[in-house]
Amino acid sequence: MLSLSPAPTTATILKTPNLSRSYFEHSFCQLVGYQRKELVGKRYDDVTAPNANDIRLGLFSRFGYMNGLWMLVSREGTRILVRYEAWLRPDSYIEGHMEVVSTGY
């Protein structure tokens with residue numbers, strides 16, 4: 001697939017308070033190779049490598065913050081290791097930021 005711009009090295013996502021909707025920044029869409037409309041309705045499991053993630057949901061529900069490593073899988077199947085950070089905002093939205101550590105697994 002020919003890309004006219006380099007893949008981003010950072011991305012941001014936002015989830016509504018009831019977790020029913022996600023808002024993906026354009027850079028996240030580029031990172032995983034999907035258009036924003038294609039990600040609507042997808043779960044995180046749809047773009048992550050099985051059994052390869054360190055998501056600490058218990059810690060998040062207790063403190064409203066979590067961080068760690070996350071293995072994404074692009075549309076083409078390339079694994080992308082990112083360092084993530086997510087926090088609960090005062091308006092009850094969940095905001096997350098990720099930075100690419102390495103790609104091509």
# chains A, B, ... in the order shown; residues from 1 in each chain; ligands from 1
>>> residues_around(residues="Ala49 of chain A", least_positions_apart="3", cutoff="12 Å", atoms="only C-alpha atoms", output="list in words")
Tyr44, Asp45, Asp46, Ala52, Asn53, Asp54, Leu69, Trp70, Met71, Leu72, Val73, Ser74, Arg75, Gly77, Thr78, Arg79, Ile80, Leu81, Val82 and Tyr105 of chain A
>>> closest_residue(among="A:Asn67, A:Asn51, A:Arg36, A:Leu59", to="Glu95 of chain A", atoms="only C-alpha atoms")
A:Asn67
>>> atom_distance(atom1="atom CA of Thr48 of chain A", atom2="atom CA of Ser102 of chain A")
14.5 Å
>>> closest_residue(among="A:Leu88, A:Met98, A:Gln35, A:Thr103", to="Gly68 of chain A", atoms="only C-alpha atoms")
A:Met98
